[in-house]
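Raw contents of model.txt, compact mmCIF, C-alpha atoms:
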```txt
# COMPACT_ATOMS: atom_id res chain seq x y z
CA MET D 120 -12.40 49.62 57.30
CA SER D 121 -13.92 46.30 56.44
CA ASP D 122 -16.11 44.67 59.01
CA ASP D 123 -14.18 41.39 59.02
CA THR D 124 -11.04 42.99 60.41
CA VAL D 125 -9.36 40.53 62.74
CA ARG D 126 -8.56 41.33 66.32
CA LYS D 127 -6.07 44.20 66.56
CA GLU D 128 -5.66 44.52 70.30
CA PRO D 129 -4.54 41.19 71.71
CA ILE D 130 -4.55 40.78 75.46
CA GLU D 131 -1.01 39.94 76.52
CA GLY D 132 -0.37 36.23 76.64
CA PHE D 133 -3.67 35.29 75.12
CA ASP D 134 -2.38 34.31 71.72
CA ASP D 135 -0.51 31.40 73.34
CA VAL D 136 -3.71 29.80 74.71
CA PRO D 137 -4.58 26.90 72.40
CA GLY D 138 -7.97 26.08 70.93
CA THR D 139 -9.70 29.14 72.35
CA THR D 140 -11.23 32.24 70.75
CA LEU D 141 -11.28 35.40 72.80
CA PHE D 142 -14.61 37.24 72.62
CA ASP D 143 -13.12 40.67 73.21
CA ALA D 144 -14.33 44.13 72.20
CA GLN D 145 -13.00 43.91 68.62
CA ARG D 146 -14.40 40.45 67.99
CA ALA D 147 -17.72 41.48 69.55
CA ARG D 148 -17.86 44.35 67.10
CA GLN D 149 -17.14 41.97 64.22
CA GLY D 150 -19.88 39.60 65.37
CA TYR D 151 -22.47 42.15 66.44
CA HIS D 152 -25.03 41.21 63.79
CA VAL D 153 -24.42 37.47 64.21
CA ASN D 154 -25.19 37.82 67.89
CA MET D 155 -28.18 40.13 67.41
CA PHE D 156 -29.62 37.69 64.85
CA CYS D 157 -29.29 34.95 67.49
CA MET D 158 -31.01 37.13 70.08
CA SER D 159 -33.99 37.56 67.75
CA LEU D 160 -34.62 33.82 68.12
CA MET D 161 -35.67 34.36 71.73
CA LYS D 162 -39.14 35.06 70.32
CA ALA D 163 -41.30 32.16 69.18
CA GLU D 164 -42.67 34.00 66.14
CA ASN D 165 -39.14 34.79 64.95
CA ARG D 166 -38.09 31.16 65.39
CA ALA D 167 -41.02 30.10 63.21
CA GLU D 168 -40.15 32.67 60.55
CA PHE D 169 -36.48 31.62 60.57
CA LYS D 170 -37.33 27.94 60.27
CA ALA D 171 -39.70 28.59 57.37
CA ASP D 172 -37.00 30.27 55.23
CA GLU D 173 -33.57 30.66 56.81
CA GLU D 174 -31.93 32.52 53.93
CA LYS D 175 -34.75 35.04 53.70
CA TYR D 176 -34.75 35.61 57.45
CA LEU D 177 -30.98 36.17 57.51
CA ARG D 178 -31.29 38.99 54.95
CA LYS D 179 -32.63 41.17 57.78
CA TRP D 180 -29.11 41.40 59.22
CA PRO D 181 -26.11 42.93 57.45
CA LEU D 182 -23.96 39.81 57.81
CA THR D 183 -20.81 39.13 55.83
CA GLU D 184 -20.99 36.33 53.30
CA GLU D 185 -18.73 34.18 55.51
CA GLN D 186 -20.96 34.74 58.52
CA ARG D 187 -24.07 33.92 56.50
CA LYS D 188 -22.52 30.68 55.24
CA ALA D 189 -21.34 29.67 58.71
CA ILE D 190 -24.84 30.19 60.13
CA LEU D 191 -26.64 28.33 57.35
CA GLY D 192 -24.10 25.49 57.54
CA ARG D 193 -24.25 25.43 61.36
CA ASN D 194 -20.47 25.67 61.45
CA TRP D 195 -20.28 26.57 65.15
CA GLN D 196 -16.51 26.93 65.31
CA ARG D 197 -16.53 29.27 62.32
CA MET D 198 -19.34 31.34 63.87
CA ILE D 199 -17.17 31.73 66.98
CA GLU D 200 -14.18 32.80 64.88
CA LEU D 201 -16.33 35.37 63.06
CA GLY D 202 -17.44 37.08 66.25
CA GLY D 203 -20.27 34.87 67.52
CA ASN D 204 -20.38 34.23 71.25
CA ILE D 205 -21.45 30.90 72.68
CA TYR D 206 -24.22 32.37 74.88
CA TYR D 207 -25.74 34.13 71.87
CA LEU D 208 -25.25 31.08 69.65
CA SER D 209 -27.15 29.06 72.26
CA LYS D 210 -30.33 30.76 71.03
CA LEU D 211 -29.66 29.30 67.57
CA PHE D 212 -28.80 25.78 68.70
CA SER D 213 -31.75 25.77 71.10
CA THR D 214 -33.92 26.61 68.09
CA ASP D 215 -32.39 23.53 66.45
CA GLY D 216 -33.08 21.46 69.57
CA LYS D 217 -29.38 20.96 70.26
CA SER D 218 -27.49 21.17 73.57
CA PHE D 219 -24.32 22.90 74.78
CA GLN D 220 -22.67 19.47 74.87
CA TYR D 221 -23.61 18.76 71.26
CA VAL D 222 -22.20 22.07 70.04
CA ALA D 223 -19.07 21.87 72.20
CA ALA D 224 -18.42 18.37 70.85
CA THR D 225 -18.62 19.56 67.21
CA MET D 226 -15.94 22.15 67.95
CA THR D 227 -13.55 19.58 69.44
CA GLY D 228 -13.72 17.01 66.66
CA LEU D 229 -15.20 14.42 69.04
CA THR D 230 -18.58 12.76 68.71
CA GLN D 231 -21.13 13.84 71.30
CA GLU D 232 -20.76 10.42 72.98
CA GLN D 233 -16.97 10.69 73.11
CA TYR D 234 -17.21 14.23 74.48
CA ALA D 235 -19.76 13.24 77.13
CA GLN D 236 -17.50 10.34 78.17
CA MET D 237 -14.51 12.70 78.41
CA MET D 238 -16.53 14.87 80.81
CA LEU D 239 -17.57 11.83 82.87
CA ASP D 240 -13.90 10.88 83.07
CA GLY D 241 -13.09 14.26 84.64
CA GLY D 242 -12.97 16.55 81.61
CA ARG D 243 -10.14 17.59 79.32
CA PRO D 244 -7.01 17.67 81.48
CA ILE D 245 -5.11 20.93 81.84
CA ASP D 246 -1.74 19.25 81.46
CA GLY D 247 -0.85 19.41 77.78
CA ASN D 248 -3.57 22.00 77.10
CA ARG D 249 -2.06 25.17 78.57
CA SER D 250 -0.14 26.51 75.61
CA LYS D 251 0.19 26.28 71.87
CA SER D 252 3.74 24.96 72.29
CA GLU D 253 2.35 21.99 74.22
CA TRP D 254 -0.08 21.28 71.38
CA GLN D 255 2.72 21.55 68.81
CA ALA D 256 4.96 19.29 70.89
CA ARG D 257 2.46 16.49 70.77
CA GLY D 258 1.75 17.16 67.12
CA SER D 259 -2.01 17.43 67.35
CA LYS D 260 -4.50 20.13 66.43
CA MET G 45 -27.34 48.60 111.03
CA ALA G 46 -27.33 45.98 108.29
CA ASN G 47 -24.53 43.42 108.18
CA ILE G 48 -23.06 41.01 105.68
CA VAL G 49 -22.46 37.89 107.77
CA ALA G 50 -21.55 35.20 105.24
CA SER G 51 -20.93 34.35 101.60
CA VAL G 52 -22.21 31.55 99.43
CA ASN G 53 -20.21 30.75 96.31
CA VAL G 54 -21.81 28.40 93.86
CA SER G 55 -21.75 27.48 90.17
CA HIS G 56 -24.87 28.31 88.17
CA VAL G 57 -24.84 25.69 85.38
CA PRO G 58 -28.11 25.98 83.38
CA ALA G 59 -28.46 22.18 83.09
CA ILE G 60 -28.98 22.08 86.89
CA GLY G 61 -32.11 24.19 86.50
CA ALA G 62 -33.30 22.06 83.58
CA ALA G 63 -32.71 18.83 85.58
CA TRP G 64 -34.62 20.20 88.58
CA ASP G 65 -37.49 21.62 86.51
CA ASN G 66 -37.89 18.38 84.53
CA GLY G 67 -38.00 16.12 87.59
CA LYS G 68 -34.58 14.54 87.00
CA LYS G 69 -33.10 15.39 90.38
CA ASN G 70 -32.97 11.75 91.47
CA ASP G 71 -31.32 10.53 88.26
CA PRO G 72 -27.92 8.91 88.95
CA TYR G 73 -26.20 11.74 87.06
CA TRP G 74 -27.89 14.54 89.04
CA GLN G 75 -28.42 13.08 92.49
CA PRO G 76 -24.82 13.66 93.66
CA VAL G 77 -25.11 17.29 92.55
CA PHE G 78 -28.27 17.98 94.55
CA ASP G 79 -27.08 15.88 97.53
CA GLY G 80 -24.08 18.20 97.70
CA PHE G 81 -26.44 20.97 98.82
CA ASP G 82 -28.26 19.14 101.64
CA PHE G 83 -26.05 20.77 104.26
CA SER G 84 -26.31 24.17 102.57
CA LYS G 85 -30.10 24.13 102.57
CA LYS G 86 -30.15 23.46 106.33
CA TRP G 87 -27.47 26.06 106.97
CA ILE G 88 -29.29 28.87 105.17
CA ALA G 89 -32.68 27.87 106.62
CA GLU G 90 -31.17 28.28 110.10
CA LEU G 91 -29.35 31.49 109.24
CA LYS G 92 -32.53 33.15 107.89
CA PRO G 93 -31.01 36.03 105.93
CA ASP G 94 -33.24 39.06 105.38
CA VAL G 95 -31.52 40.01 102.14
CA ILE G 96 -29.27 38.28 99.62
CA ILE G 97 -27.00 40.31 97.37
CA LEU G 98 -26.70 37.93 94.45
CA VAL G 99 -23.69 38.48 92.20
CA TYR G 100 -24.12 36.72 88.86
CA ASN G 101 -23.86 37.25 85.15
CA ASP G 102 -26.55 37.52 82.55
CA HIS G 103 -26.09 35.15 79.58
CA ALA G 104 -27.51 37.21 76.70
CA SER G 105 -30.98 37.11 78.31
CA ALA G 106 -31.77 40.51 79.86
CA PHE G 107 -28.88 42.25 78.13
CA ASP G 108 -28.03 41.76 74.48
CA ALA G 109 -25.11 43.19 72.52
CA THR G 110 -26.59 46.70 72.40
CA ILE G 111 -25.71 47.62 76.01
CA ILE G 112 -22.99 45.91 78.03
CA PRO G 113 -22.77 47.20 81.60
CA THR G 114 -19.75 46.00 83.57
CA PHE G 115 -21.58 46.19 86.92
CA ALA G 116 -25.38 46.55 87.03
CA LEU G 117 -27.37 46.70 90.26
CA GLY G 118 -31.01 45.61 90.28
CA CYS G 119 -33.08 48.29 92.03
CA ALA G 120 -36.53 47.10 90.88
CA PRO G 121 -39.29 45.84 93.24
CA GLU G 122 -39.26 42.49 91.43
CA PHE G 123 -37.43 40.52 88.77
CA PRO G 124 -39.31 37.89 86.72
CA PRO G 125 -37.51 34.72 85.58
CA ALA G 126 -36.27 35.22 82.00
CA ASP G 127 -37.45 33.34 78.95
CA GLU G 128 -34.09 32.10 77.68
CA GLY G 129 -35.60 30.73 74.49
CA TRP G 130 -37.48 27.72 75.89
CA GLY G 131 -39.90 29.47 78.28
CA PRO G 132 -39.20 30.96 81.73
CA ARG G 133 -38.13 28.57 84.51
CA PRO G 134 -41.12 27.65 86.71
CA VAL G 135 -39.65 29.40 89.75
CA PRO G 136 -40.98 32.25 91.89
CA THR G 137 -40.51 35.86 90.85
CA VAL G 138 -37.51 37.35 92.63
CA ILE G 139 -38.59 40.06 95.08
CA GLY G 140 -36.03 42.84 95.30
CA HIS G 141 -35.36 45.45 97.95
CA PRO G 142 -35.55 48.74 96.03
CA VAL G 143 -34.98 50.94 99.09
CA MET G 144 -31.82 49.14 100.17
CA ALA G 145 -30.62 48.66 96.58
CA SER G 146 -30.98 52.38 95.89
CA HIS G 147 -29.01 53.11 99.05
CA ILE G 148 -26.29 50.70 97.91
CA ALA G 149 -26.18 52.27 94.43
CA GLN G 150 -25.74 55.74 95.87
CA SER G 151 -23.14 54.60 98.37
CA VAL G 152 -20.93 52.66 95.96
CA ILE G 153 -21.08 55.35 93.25
CA LEU G 154 -19.87 57.92 95.78
CA ASP G 155 -17.27 55.28 96.69
CA GLU G 156 -16.07 55.51 93.04
CA PHE G 157 -17.75 52.41 91.58
CA ASP G 158 -19.74 53.77 88.66
CA LEU G 159 -22.28 51.02 88.34
CA THR G 160 -25.38 50.92 86.16
CA ILE G 161 -28.78 51.08 87.83
CA ILE G 162 -31.36 48.65 86.49
CA ASN G 163 -35.05 49.30 87.16
CA ARG G 164 -36.43 46.56 84.96
CA MET G 165 -34.74 43.22 84.37
CA ASP G 166 -35.58 39.57 83.81
CA VAL G 167 -33.19 37.23 85.62
CA ASP G 168 -31.82 34.12 83.92
CA HIS G 169 -30.35 30.83 85.15
CA GLY G 170 -27.28 32.65 86.44
CA LEU G 171 -29.44 34.00 89.27
CA THR G 172 -32.16 31.37 89.65
CA VAL G 173 -30.05 28.17 89.64
CA PRO G 174 -28.17 29.18 92.84
CA LEU G 175 -31.55 29.87 94.50
CA THR G 176 -32.85 26.43 93.47
CA LEU G 177 -29.74 24.76 94.88
CA MET G 178 -29.96 26.62 98.19
CA PHE G 179 -33.73 26.71 98.71
CA GLY G 180 -35.25 23.95 96.57
CA GLN G 181 -38.71 24.74 95.27
CA PRO G 182 -40.60 27.01 97.67
CA ALA G 183 -43.80 28.84 96.68
CA GLU G 184 -41.82 32.04 97.11
CA TRP G 185 -38.14 32.75 97.76
CA PRO G 186 -37.68 33.20 101.52
CA CYS G 187 -35.99 36.62 101.46
CA ARG G 188 -35.42 39.76 99.45
CA ILE G 189 -32.80 39.50 96.72
CA ILE G 190 -30.72 42.31 95.22
CA PRO G 191 -29.22 41.20 91.89
CA LEU G 192 -25.78 42.45 90.89
CA ALA G 193 -25.04 41.54 87.27
CA VAL G 194 -21.40 41.51 86.16
CA ASN G 195 -20.22 41.39 82.56
CA VAL G 196 -18.06 38.30 82.11
CA VAL G 197 -19.28 37.52 78.58
CA GLN G 198 -17.54 40.21 76.52
CA PHE G 199 -13.86 40.30 77.44
CA PRO G 200 -12.23 41.81 79.26
CA PRO G 201 -14.38 41.48 82.35
CA PRO G 202 -13.48 43.53 85.43
CA THR G 203 -10.27 42.36 87.08
CA GLY G 204 -10.37 40.17 90.17
CA ASN G 205 -8.90 43.01 92.19
CA ARG G 206 -11.59 45.42 90.98
CA CYS G 207 -14.22 42.86 91.97
CA TRP G 208 -12.62 42.45 95.40
CA ASN G 209 -12.69 46.20 95.94
CA LEU G 210 -16.33 46.39 94.84
CA GLY G 211 -17.03 43.81 97.54
CA LYS G 212 -15.44 46.16 100.07
CA ALA G 213 -17.58 49.06 98.80
CA LEU G 214 -20.72 46.91 99.02
CA ARG G 215 -19.87 46.10 102.61
CA ARG G 216 -19.51 49.78 103.46
CA ALA G 217 -22.84 50.44 101.74
CA VAL G 218 -24.61 47.68 103.67
CA GLU G 219 -23.11 48.78 106.98
CA SER G 220 -24.32 52.34 106.44
CA TYR G 221 -27.91 51.15 105.97
CA PRO G 222 -29.78 51.95 109.20
CA GLU G 223 -32.15 48.99 109.43
CA ASP G 224 -30.99 45.84 111.27
CA LEU G 225 -30.85 43.35 108.44
CA ARG G 226 -28.90 40.14 108.08
CA VAL G 227 -27.33 40.02 104.63
CA VAL G 228 -25.67 37.11 102.81
CA ILE G 229 -23.73 37.73 99.61
CA PHE G 230 -23.70 35.14 96.83
CA GLY G 231 -20.86 34.94 94.30
CA THR G 232 -21.86 32.63 91.47
CA GLY G 233 -20.53 31.02 88.28
CA GLY G 234 -17.44 28.93 87.61
CA MET G 235 -15.56 26.82 88.27
CA SER G 236 -13.27 25.65 85.46
CA HIS G 237 -15.11 25.26 82.17
CA GLN G 238 -14.73 26.08 78.51
CA LEU G 239 -17.75 25.93 76.22
CA GLN G 240 -16.14 26.78 72.88
CA GLY G 241 -13.34 25.84 70.52
CA PRO G 242 -11.17 22.74 70.18
CA ARG G 243 -10.21 23.02 73.87
CA ALA G 244 -13.86 22.80 75.06
CA GLY G 245 -14.40 20.53 78.05
CA LEU G 246 -11.34 21.74 79.95
CA ILE G 247 -11.43 21.02 83.69
CA ASN G 248 -8.65 21.97 86.12
CA LYS G 249 -9.42 20.43 89.51
CA GLU G 250 -6.11 21.33 91.08
CA TRP G 251 -6.42 25.00 90.17
CA ASP G 252 -10.05 25.11 91.33
CA GLN G 253 -9.07 23.64 94.71
CA GLN G 254 -6.28 26.19 95.13
CA PHE G 255 -8.77 28.95 94.37
CA LEU G 256 -11.17 27.59 97.02
CA ASP G 257 -8.26 27.30 99.48
CA SER G 258 -7.31 30.91 98.89
CA LEU G 259 -10.86 32.19 99.43
CA ALA G 260 -11.15 30.13 102.62
CA ALA G 261 -7.90 31.75 103.81
CA ASP G 262 -7.49 35.51 103.35
CA GLY G 263 -8.25 35.58 99.61
CA GLN G 264 -5.16 37.61 98.80
CA THR G 265 -3.70 35.06 96.39
CA ALA G 266 -6.99 34.74 94.49
CA ARG G 267 -7.43 38.50 94.39
CA ALA G 268 -4.17 38.96 92.46
CA ILE G 269 -4.87 36.37 89.72
CA PRO G 270 -4.66 38.08 86.32
CA PHE G 271 -7.29 37.69 83.59
CA ILE G 272 -5.01 35.59 81.39
CA GLU G 273 -4.47 33.00 84.12
CA TYR G 274 -8.20 32.33 84.44
CA VAL G 275 -8.47 31.83 80.67
CA ARG G 276 -5.39 29.64 80.37
CA GLU G 277 -5.89 27.53 83.50
CA THR G 278 -9.68 27.33 83.82
CA GLY G 279 -11.02 27.89 80.31
CA SER G 280 -12.67 30.83 78.59
CA GLU G 281 -15.79 30.57 80.76
CA GLY G 282 -13.86 29.91 83.99
CA ILE G 283 -13.44 33.69 84.11
CA GLU G 284 -16.82 33.77 85.87
CA MET G 285 -14.88 33.11 89.07
CA VAL G 286 -13.97 36.79 89.33
CA MET G 287 -17.52 37.19 90.65
CA TRP G 288 -16.62 35.02 93.65
CA LEU G 289 -14.10 37.71 94.60
CA ILE G 290 -16.85 40.32 94.99
CA ALA G 291 -18.41 38.08 97.64
CA ARG G 292 -15.06 37.39 99.32
CA GLY G 293 -14.09 41.06 99.31
CA ALA G 294 -17.30 41.85 101.21
CA LEU G 295 -16.31 39.59 104.13
CA ASP G 296 -13.84 39.98 107.00
CA ASP G 297 -10.21 39.19 106.28
CA LYS G 298 -10.68 36.27 108.69
CA VAL G 299 -13.44 33.82 107.83
CA ARG G 300 -14.64 30.37 108.85
CA GLU G 301 -15.03 27.76 106.13
CA VAL G 302 -18.41 26.24 106.88
CA TYR G 303 -18.83 23.96 103.89
CA ARG G 304 -17.19 22.99 100.61
CA PHE G 305 -18.44 20.84 97.75
CA TYR G 306 -16.80 20.09 94.40
CA HIS G 307 -18.14 17.82 91.70
CA VAL G 308 -17.15 16.92 88.12
CA PRO G 309 -18.85 16.81 85.70
CA CYS G 310 -21.90 19.00 85.77
CA SER G 311 -22.70 19.15 82.05
CA ASN G 312 -19.52 20.85 80.71
CA THR G 313 -18.46 22.30 84.04
CA ALA G 314 -16.72 21.70 87.35
CA LEU G 315 -19.32 22.54 89.97
CA GLY G 316 -17.88 24.35 92.99
CA HIS G 317 -19.55 25.48 96.19
CA LEU G 318 -18.10 27.22 99.25
CA ILE G 319 -19.80 28.73 102.29
CA LEU G 320 -17.82 31.18 104.42
CA GLU G 321 -18.89 32.99 107.58
CA ASN G 322 -17.24 36.09 108.95
CA ALA G 323 -14.99 35.18 111.88
CA SER G 324 -16.59 38.06 113.78
CA PHE G 325 -20.09 36.61 113.31
CA SER G 326 -21.73 34.41 115.92
CA LYS G 327 -25.23 33.10 115.44
```
Mind turning the file's structure into structure tokens?
Amino acid sequence: MSDDTVRKEPIEGFDDVPGTTLFDAQRARQGYHVNMFCMSLMKAENRAEFKADEEKYLRKWPLTEEQRKAILGRNWQRMIELGGNIYYLSKLFSTDGKSFQYVAATMTGLTQEQYAQMMLDGGRPIDGNRSKSEWQARGSK
Amino acid sequence: MANIVASVNVSHVPAIGAAWDNGKKNDPYWQPVFDGFDFSKKWIAELKPDVIILVYNDHASAFDATIIPTFALGCAPEFPPADEGWGPRPVPTVIGHPVMASHIAQSVILDEFDLTIINRMDVDHGLTVPLTLMFGQPAEWPCRIIPLAVNVVQFPPPTGNRCWNLGKALRRAVESYPEDLRVVIFGTGGMSHQLQGPRAGLINKEWDQQFLDSLAADGQTARAIPFIEYVRETGSEGIEMVMWLIARGALDDKVREVYRFYHVPCSNTALGHLILENASFSK
């Protein structure tokens, strides 16, 4: 079985939740090495080694080509889809000197300023964001 | 005998710890957050608990992807603040209560909750931010603290009902401990927030308020909320609120709402805070 197998055991009702990736047991298995690579960045000496030569450092983990590309390109949404979890990925974006708000904003298509303003205005409203049918109805995303 | 007399529910947003540690607590953005805990600080200083059972989740700090315990009880003598990648928070080491924690572990396992026993663990912002909010910056934390780490990172987490029932088992464990100790249980995390994907930034004030209302009543509505409702209505990280049900389950059916605070935004999150006392408890 290839390691990039997509989720086989959906939790009932979940597939209707829009714009959200479920970090369940199957996706955690898929992303195990992505997340363990991120954990290695908790140590200062590993951060230095990674920064010196990212591609070389990544060869220590048996990542898929897609995962490797997503990490090198800092494609946060893609890392999430390939089994990364935001709390693990935080070790990588902290190494980059970036914040949760910065990374969240990149995944929403907003600038960091627009995203921060949305939060100050009370956050993304639940109405219109409960289900995929609501997203389709308004023709976005 | 020991007694759980009250619960403190509170969000544990890491940016709160960073704001406090970096001297930003009087910034216009942060001041309303910290002001929201003025009452709580006085309340807990007067209550003087001997022990806090602190229910929280680790955020890939002490536990990585190699071992994922659903419920893990800290039985160590002490728990140092974790280095989460930018150095440990400058807060006191958490002093545990290994004798009581070991009693609780034995009691709840015989009560059919097969939890993991942890004898060495660093504690991250999930545990230390609630302490900062409730106690400020003392030279040492004013009481013993027994950490209870719950997996809410890899889905599915334990159900709300399972958490509620663990709260009941914790209460039985505490009440079978012979020493007269005053115990407060903390349920931390939440409220609505989503940190990933195109729906990141979700906040659901109405749902959060209904959840608080249910806990302040008998909790039965909140107890029955299924996993999928947390994800849909409160975001993928809103699921942390199941930990509040462990604290509520450990209280009487009848409680007094002592204090409530709700504030948006706190970084990416709706900050919620609720203090409940057992109706049977009088100071």
If the cut-off is 8 Å, can you tell me the residues of chain G near chain D, counting all atoms listed in the file? I'd like them as a PyMOL selection string. chain G and resi 103-104+108-109+127-130+197-200+239-248+272+275-277+280+308-309+311-312
Just the selected residues (C-alpha atoms), exported as a CSV table (one decimal), in the frame of the given file, please.
```csv
chain,number,residue,atom,x,y,z
G,103,HIS,CA,-26.1,35.2,79.6
G,104,ALA,CA,-27.5,37.2,76.7
G,108,ASP,CA,-28.0,41.8,74.5
G,109,ALA,CA,-25.1,43.2,72.5
G,127,ASP,CA,-37.4,33.3,79.0
G,128,GLU,CA,-34.1,32.1,77.7
G,129,GLY,CA,-35.6,30.7,74.5
G,130,TRP,CA,-37.5,27.7,75.9
G,197,VAL,CA,-19.3,37.5,78.6
G,198,GLN,CA,-17.5,40.2,76.5
G,199,PHE,CA,-13.9,40.3,77.4
G,200,PRO,CA,-12.2,41.8,79.3
G,239,LEU,CA,-17.8,25.9,76.2
G,240,GLN,CA,-16.1,26.8,72.9
G,241,GLY,CA,-13.3,25.8,70.5
G,242,PRO,CA,-11.2,22.7,70.2
G,243,ARG,CA,-10.2,23.0,73.9
G,244,ALA,CA,-13.9,22.8,75.1
G,245,GLY,CA,-14.4,20.5,78.0
G,246,LEU,CA,-11.3,21.7,80.0
G,247,ILE,CA,-11.4,21.0,83.7
G,248,ASN,CA,-8.6,22.0,86.1
G,272,ILE,CA,-5.0,35.6,81.4
G,275,VAL,CA,-8.5,31.8,80.7
G,276,ARG,CA,-5.4,29.6,80.4
G,277,GLU,CA,-5.9,27.5,83.5
G,280,SER,CA,-12.7,30.8,78.6
G,308,VAL,CA,-17.2,16.9,88.1
G,309,PRO,CA,-18.8,16.8,85.7
G,311,SER,CA,-22.7,19.2,82.0
G,312,ASN,CA,-19.5,20.8,80.7
```
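The spacing separating CA of Pro136 (chain G) from CA of Cys207 (chain G) amounts to 28.8 Å.
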Contact residues around region 185-194 of chain D with all atoms listed in the file at 8 Å, ignoring same-chain residues under 4 positions, as a list in words: Val153, Glu173, Glu174, Leu177, Met198 and Leu201 of chain D
Residue nearest Ala314 (chain G) - candidates G:Glu250, G:Asp257, G:Glu156, G:Asp71, atoms counted: all atoms listed in the file: G:Glu250
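By all atoms listed in the file, and with residues fewer than 3 positions from Lys69 (chain G) along its chain excluded, the set lying at most 12 Å from it is Ala59, Ile60, Gly61, Ala62, Ala63, Trp64, Asp65, Asn66, Pro72, Tyr73, Trp74, Gln75, Pro76, Val77, Phe78, Asp79, Gly80, Thr176, Leu177, Gly180 and Gln181 of chain G.
Distance-wise, CA of Arg304 (chain G) and CA of Val286 (chain G) end up 18.1 Å apart.
Counting all atoms listed in the file, the residue from G:Phe115, G:Tyr100, G:Phe123, G:Trp185 that sits nearest to Ile153 (chain G) is G:Phe115.
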